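Enquirer: Quick one, query-v7.txt (compact mmCIF, C-alpha atoms):
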# COMPACT_ATOMS: atom_id res chain seq x y z
CA PHE A 1 76.38 56.66 93.93
CA THR A 2 79.80 55.82 95.30
CA ALA A 3 81.43 56.34 91.90
CA ALA A 4 79.64 59.67 91.52
CA GLU A 5 80.64 60.83 94.98
CA ASP A 6 84.26 59.82 94.38
CA ALA A 7 84.26 61.73 91.10
CA LEU A 8 82.77 64.77 92.82
CA GLU A 9 85.45 64.64 95.50
CA GLN A 10 88.07 64.77 92.74
CA GLY A 11 86.29 67.64 91.01
CA ASP A 12 85.45 65.49 87.99
CA TYR A 13 81.97 66.80 87.29
CA ALA A 14 81.67 64.99 83.96
CA ALA A 15 82.30 61.59 85.56
CA ALA A 16 79.95 62.40 88.45
CA GLU A 17 77.25 63.47 86.00
CA ALA A 18 77.70 60.27 83.99
CA ALA A 19 77.44 58.12 87.13
CA TYR A 20 74.31 59.89 88.38
CA GLN A 21 72.82 59.74 84.88
CA ALA A 22 73.41 55.98 84.83
CA VAL A 23 71.43 55.64 88.07
CA GLN A 24 68.69 57.89 86.67
CA ASP A 25 68.55 55.88 83.44
CA ALA A 26 68.27 52.62 85.37
CA GLU A 27 65.70 53.99 87.81
CA PRO A 28 63.87 56.99 86.30
CA ALA A 29 61.81 57.53 89.45
CA HIS A 30 64.90 57.70 91.69
CA GLU A 31 64.44 61.16 93.23
CA GLN A 32 67.83 61.21 94.94
CA ALA A 33 69.60 60.55 91.63
CA LYS A 34 67.54 63.23 89.92
CA ALA A 35 68.43 65.77 92.61
CA ALA A 36 72.09 64.79 92.59
CA LEU A 37 72.21 65.08 88.79
CA ALA A 38 70.78 68.62 88.94
CA GLN A 39 73.26 69.51 91.66
CA VAL A 40 76.32 68.25 89.82
CA ARG A 41 75.27 70.02 86.62
CA PHE A 42 74.91 73.25 88.54
CA LEU A 43 78.24 72.76 90.33
CA ALA A 44 79.99 72.41 86.98
CA ARG A 45 78.41 75.67 85.78
CA ALA A 46 78.98 77.43 89.11
CA GLU A 47 82.67 76.66 88.99
CA GLN A 48 82.76 78.67 85.77
CA ALA A 49 80.48 81.43 87.12
CA ASP A 50 81.94 84.89 86.72
CA PRO A 51 80.73 87.44 89.29
CA SER A 52 81.09 90.17 86.65
CA ALA A 53 78.36 88.37 84.68
CA ILE A 54 75.83 90.11 86.92
CA ASP A 55 76.99 93.57 85.87
CA ARG A 56 77.07 92.53 82.21
CA ALA A 57 73.53 91.15 82.46
CA ASP A 58 72.28 94.27 84.23
CA ALA A 59 73.69 96.34 81.37
CA ALA A 60 72.09 94.11 78.71
CA PRO A 61 68.66 92.96 79.92
CA ASP A 62 67.73 91.57 76.50
CA ASP A 63 70.81 89.31 76.32
CA VAL A 64 69.42 85.93 77.40
CA ASP A 65 72.84 84.28 77.61
CA ALA A 66 73.99 87.06 79.94
CA GLN A 67 70.88 86.60 82.10
CA LEU A 68 71.47 82.84 82.40
CA ALA A 69 75.12 83.37 83.34
CA ALA A 70 74.20 86.05 85.86
CA ALA A 71 71.56 83.81 87.46
CA ASP A 72 74.20 81.09 87.88
CA ALA A 73 76.60 83.62 89.42
CA GLU A 74 73.88 84.78 91.79
CA MET A 75 73.10 81.19 92.79
CA ALA A 76 76.80 80.49 93.33
CA GLY A 77 76.87 83.57 95.58
CA ASP A 78 73.85 82.28 97.53
CA ARG A 79 71.57 85.01 96.14
CA VAL A 80 68.78 82.56 95.38
CA GLU A 81 65.88 84.99 95.23
CA ALA A 82 67.84 87.35 92.96
CA ALA A 83 68.61 84.52 90.54
CA PHE A 84 64.98 83.38 90.47
CA SER A 85 63.72 86.93 90.00
CA ARG A 86 66.20 87.60 87.19
CA LEU A 87 65.01 84.58 85.24
CA VAL A 88 61.32 85.21 85.90
CA ASN A 89 61.81 88.72 84.52
CA THR A 90 63.67 87.31 81.52
CA VAL A 91 60.79 84.93 80.83
CA ALA A 92 58.33 87.82 81.10
CA ARG A 93 60.12 90.00 78.54
CA THR A 94 61.11 87.35 75.99
CA ALA A 95 59.30 85.06 73.59
CA GLY A 96 59.87 81.89 71.61
CA GLU A 97 63.15 80.04 72.00
CA ASP A 98 64.65 82.68 74.31
CA ARG A 99 61.67 82.39 76.64
CA ASP A 100 61.93 78.60 76.62
CA ARG A 101 65.65 78.71 77.43
CA ALA A 102 65.12 81.08 80.36
CA ARG A 103 62.18 79.02 81.67
CA GLU A 104 64.09 75.74 81.40
CA HIS A 105 67.11 77.23 83.15
CA LEU A 106 64.91 78.50 85.96
CA VAL A 107 63.18 75.14 86.34
CA GLY A 108 66.62 73.52 86.48
CA LEU A 109 67.56 75.85 89.33
CA PHE A 110 64.35 74.91 91.15
CA GLU A 111 65.57 71.31 91.14
CA LEU A 112 68.46 72.29 93.41
CA PHE A 113 66.02 72.80 96.28
CA PRO A 114 63.33 70.77 98.00
CA ALA A 115 59.95 71.27 96.35
CA ASP A 116 58.57 72.78 99.55
CA ASP A 117 61.26 75.48 99.78
CA PRO A 118 59.30 78.75 100.10
CA ARG A 119 61.67 80.53 97.69
CA VAL A 120 60.85 77.94 95.03
CA SER A 121 57.11 78.20 95.71
CA THR A 122 57.20 81.97 95.39
CA ALA A 123 59.27 81.84 92.20
CA ARG A 124 57.00 79.17 90.68
CA ARG A 125 53.99 81.43 91.22
CA ALA A 126 55.86 84.37 89.68
CA LEU A 127 56.85 82.19 86.73
CA ALA A 128 53.24 81.15 86.19
CA ARG A 129 52.20 84.81 86.14
CA ALA A 130 54.98 85.62 83.66
CA LEU A 131 53.92 82.80 81.35
CA PHE A 132 50.19 83.50 81.38
Now that the file is in, can you turn its structure into structure tokens?
Expert:
Amino acid sequence: FTAAEDALEQGDYAAAEAAYQAVQDAEPAHEQAKAALAQVRFLARAEQADPSAIDRADAAPDDVDAQLAAADAEMAGDRVEAAFSRLVNTVARTAGEDRDRAREHLVGLFELFPADDPRVSTARRALARALF
């Protein structure tokens, strides 16, 4: 954890991810490592997040890549519910590989929060409705 935290402090997300992954590989049930790994992966994406991605995604609702990028931009801007809603809607209107990508991205965003976060609970129920 110390190596990962040092790497994070230096902005080296790849090294931090590798260090957290090593802990996760050694102890698969280590919840703190799992959460830290999700966080560092998101931080690396968030650093690249482009606020204009939201406008591009709004203009192209069928572009899954645009929806994923917009959800990350919304998360980076602390618009959690908007990001969750965007991806639930993407899951609802897509199929096959596109649907899987949107669902997996959404589940990855859920991992950034405690399981009992009410925003996650609400989005999980919405996701279940979209899937079934």
Enquirer: Counting all atoms listed in the file, what is within 9 Å of Leu112 of chain A, bar same-chain residues fewer than 5 positions away, as number ranges by chain?
Expert: A: 35-36, 38-39, 42
Enquirer: Would you mind reading off the distance between atom CA of Ala102 of chain A and atom CA of Glu5 of chain A, one decimal, in Å?
Expert: 29.4 Å
Enquirer: State, in Å with one decimal place, the distance from atom CA of Ala126 of chain A to atom CA of Asp50 of chain A.
Expert: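 For atom CA of Ala126 of chain A relative to atom CA of Asp50 of chain A, the distance reads 26.3 Å.
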Enquirer: Just the residues within 9 Å of Gly11 of chain A, please, counting only C-alpha atoms, with nothing from its chain fewer than 5 positions along; format it as a PDB file with C-alpha atoms, keeping the file's coordinate frame.
Expert:
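Output below, filename around_32.pdb:
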ATOM      1  CA  ASP A   6      84.260  59.820  94.380  1.00  0.00           C
ATOM      2  CA  ALA A  16      79.950  62.400  88.450  1.00  0.00           C
ATOM      3  CA  ALA A  44      79.990  72.410  86.980  1.00  0.00           C
TER       4      ALA A  44
END
Enquirer: Would you give the centre and edge lengths, in Å to one decimal, of a box along x, y and z around the listed atoms of segment 36-54 of chain A, with 3 Å added to each side, as JSON?
Expert:
{"center_x": 76.8, "center_y": 77.5, "center_z": 88.6, "size_x": 18.0, "size_y": 31.4, "size_z": 13.9}
Enquirer: What is the atom CA of Leu87 of chain A to atom CA of Ala19 of chain A distance in Å?
Expert: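 Value for the atom CA of Leu87 of chain A-atom CA of Ala19 of chain A distance: 29.3 Å.
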Enquirer: Give one line per residue of segment 17-49 of chain A that approaches segment 76-86 of chain A to at most 10 Å, naming the two atoms of the closest pair and their distance in Å to one decimal, counting all atoms listed in the file; sort by chain then ascending residue number and deliver it as a Markdown table.
Expert:
| residue | atom | partner | partner_atom | distance |
| --- | --- | --- | --- | --- |
| A:Phe42 | CA | A:Ala76 | CA | 8.9 |
| A:Leu43 | CA | A:Ala76 | CA | 8.4 |
| A:Arg45 | CA | A:Ala76 | CA | 9.1 |
| A:Ala46 | CA | A:Ala76 | CA | 5.7 |
| A:Glu47 | CA | A:Ala76 | CA | 8.2 |
| A:Gln48 | CA | A:Ala76 | CA | 9.8 |
| A:Ala49 | CA | A:Ala76 | CA | 7.3 |
Enquirer: With a distance cut-off of 8 Å and only C-alpha atoms, select the neighbouring residues of Val91 of chain A, excluding the residue or stretch itself and same-chain residues fewer than 2 positions from it, and output the selection as a VMD selection string.
Expert: chain A and resid 87 to 89 93 to 95 98 to 100 102 to 103 127 130 to 131
Enquirer: For the selection you just gave me, I'd like the residues written to a file as a PDB file, in the frame of the given file, keeping C-alpha atoms.
Expert:
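And here's selection11.pdb as it stands now:
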ATOM      1  CA  LEU A  87      65.010  84.580  85.240  1.00  0.00           C
ATOM      2  CA  VAL A  88      61.320  85.210  85.900  1.00  0.00           C
ATOM      3  CA  ASN A  89      61.810  88.720  84.520  1.00  0.00           C
ATOM      4  CA  ARG A  93      60.120  90.000  78.540  1.00  0.00           C
ATOM      5  CA  THR A  94      61.110  87.350  75.990  1.00  0.00           C
ATOM      6  CA  ALA A  95      59.300  85.060  73.590  1.00  0.00           C
ATOM      7  CA  ASP A  98      64.650  82.680  74.310  1.00  0.00           C
ATOM      8  CA  ARG A  99      61.670  82.390  76.640  1.00  0.00           C
ATOM      9  CA  ASP A 100      61.930  78.600  76.620  1.00  0.00           C
ATOM     10  CA  ALA A 102      65.120  81.080  80.360  1.00  0.00           C
ATOM     11  CA  ARG A 103      62.180  79.020  81.670  1.00  0.00           C
ATOM     12  CA  LEU A 127      56.850  82.190  86.730  1.00  0.00           C
ATOM     13  CA  ALA A 130      54.980  85.620  83.660  1.00  0.00           C
ATOM     14  CA  LEU A 131      53.920  82.800  81.350  1.00  0.00           C
TER      15      LEU A 131
END
Enquirer: Using all atoms listed in the file, which of A:Ala3, A:Leu68, A:Arg56, A:Gly108 sits nearest Glu17 of chain A?
Expert: A:Ala3
Enquirer: Can you list, as a list of chain:residue names, every protein, DNA or RNA residue that comes within 9 Å of Ala69 of chain A when you count only C-alpha atoms, leaving out same-chain residues fewer than 4 positions away?
Expert: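 Non-adjacent residues within range: A:Arg45, A:Ala49, A:Asp50, A:Ala53, A:Ile54, A:Ala57, A:Val64, A:Asp65, A:Ala73, A:Glu74.
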Enquirer: Can you pull out the residues contacting Val23 of chain A? Cut-off 12 Å, using all atoms listed in the file, and skip same-chain residues under 2 positions away; I want them as a PyMOL selection string.
Expert: chain A and resi 1-4+16-21+25-37
Enquirer: Of the candidates A:Arg101, A:Pro118, A:Ala59, A:Leu109, which shows the shortest atom-to-atom distance to Ala71 of chain A, using all atoms listed in the file?
Expert: A:Leu109
Enquirer: Just checking: using only C-alpha atoms, which residue out of A:Val40, A:Ala115, A:Ala66, A:Ala22 ends up closest to Ser52 of chain A?
Expert: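 Looking at the shortest contact to Ser52 of chain A, the residue is A:Ala66.
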Enquirer: Generate the coordinates of N, CA, C and O atoms for segment 50-74 of chain A; report them as a short mmCIF file (atom, residue, chain, number, x, y, z; two decimals), in the frame of the given file.
Expert:
data_model
loop_
_atom_site.label_atom_id
_atom_site.label_comp_id
_atom_site.auth_asym_id
_atom_site.auth_seq_id
_atom_site.Cartn_x
_atom_site.Cartn_y
_atom_site.Cartn_z
N ASP A 50 81.14 83.67 86.64
CA ASP A 50 81.94 84.89 86.72
C ASP A 50 81.09 85.96 87.41
O ASP A 50 80.04 86.34 86.88
N PRO A 51 81.51 86.43 88.59
CA PRO A 51 80.73 87.44 89.29
C PRO A 51 80.46 88.69 88.45
O PRO A 51 79.45 89.36 88.64
N SER A 52 81.32 89.00 87.50
CA SER A 52 81.09 90.17 86.65
C SER A 52 79.95 89.93 85.67
O SER A 52 79.47 90.88 85.03
N ALA A 53 79.49 88.68 85.56
CA ALA A 53 78.36 88.37 84.68
C ALA A 53 77.11 89.12 85.12
O ALA A 53 76.27 89.48 84.29
N ILE A 54 77.00 89.39 86.40
CA ILE A 54 75.83 90.11 86.92
C ILE A 54 75.80 91.53 86.37
O ILE A 54 74.76 91.99 85.88
N ASP A 55 76.93 92.21 86.42
CA ASP A 55 76.99 93.57 85.87
C ASP A 55 76.72 93.58 84.38
O ASP A 55 76.02 94.46 83.87
N ARG A 56 77.29 92.60 83.67
CA ARG A 56 77.07 92.53 82.21
C ARG A 56 75.59 92.30 81.91
O ARG A 56 75.03 92.90 80.99
N ALA A 57 74.95 91.43 82.68
CA ALA A 57 73.53 91.15 82.46
C ALA A 57 72.67 92.37 82.80
O ALA A 57 71.70 92.67 82.09
N ASP A 58 73.03 93.07 83.86
CA ASP A 58 72.28 94.27 84.23
C ASP A 58 72.37 95.33 83.14
O ASP A 58 71.42 96.07 82.91
N ALA A 59 73.50 95.37 82.44
CA ALA A 59 73.69 96.34 81.37
C ALA A 59 73.03 95.91 80.06
O ALA A 59 72.84 96.74 79.17
N ALA A 60 72.69 94.64 79.95
CA ALA A 60 72.09 94.11 78.71
C ALA A 60 70.91 93.21 79.04
O ALA A 60 70.97 92.00 78.87
N PRO A 61 69.80 93.79 79.47
CA PRO A 61 68.66 92.96 79.92
C PRO A 61 68.05 92.08 78.83
O PRO A 61 67.38 91.10 79.16
N ASP A 62 68.29 92.39 77.57
CA ASP A 62 67.73 91.57 76.50
C ASP A 62 68.66 90.44 76.06
O ASP A 62 68.29 89.64 75.20
N ASP A 63 69.85 90.36 76.65
CA ASP A 63 70.81 89.31 76.32
C ASP A 63 70.52 88.08 77.20
O ASP A 63 70.89 88.05 78.38
N VAL A 64 69.84 87.10 76.63
CA VAL A 64 69.42 85.93 77.40
C VAL A 64 70.62 85.16 77.94
O VAL A 64 70.61 84.72 79.10
N ASP A 65 71.66 84.99 77.13
CA ASP A 65 72.84 84.28 77.61
C ASP A 65 73.44 84.98 78.84
O ASP A 65 73.85 84.32 79.80
N ALA A 66 73.47 86.30 78.81
CA ALA A 66 73.99 87.06 79.94
C ALA A 66 73.10 86.86 81.17
O ALA A 66 73.61 86.74 82.30
N GLN A 67 71.79 86.80 80.97
CA GLN A 67 70.88 86.60 82.10
C GLN A 67 71.06 85.21 82.72
O GLN A 67 71.05 85.07 83.95
N LEU A 68 71.26 84.19 81.89
CA LEU A 68 71.47 82.84 82.40
C LEU A 68 72.77 82.77 83.20
O LEU A 68 72.82 82.19 84.29
N ALA A 69 73.83 83.37 82.65
CA ALA A 69 75.12 83.37 83.34
C ALA A 69 75.04 84.14 84.66
O ALA A 69 75.60 83.71 85.68
N ALA A 70 74.34 85.26 84.64
CA ALA A 70 74.20 86.05 85.86
C ALA A 70 73.40 85.30 86.92
O ALA A 70 73.73 85.34 88.10
N ALA A 71 72.36 84.60 86.50
CA ALA A 71 71.56 83.81 87.46
C ALA A 71 72.44 82.74 88.10
O ALA A 71 72.36 82.51 89.32
N ASP A 72 73.29 82.09 87.31
CA ASP A 72 74.20 81.09 87.88
C ASP A 72 75.17 81.74 88.86
O ASP A 72 75.46 81.19 89.93
N ALA A 73 75.68 82.92 88.51
CA ALA A 73 76.60 83.62 89.42
C ALA A 73 75.89 84.01 90.71
O ALA A 73 76.47 83.90 91.80
N GLU A 74 74.64 84.44 90.59
CA GLU A 74 73.88 84.78 91.79
C GLU A 74 73.64 83.54 92.65
O GLU A 74 73.76 83.60 93.88
#
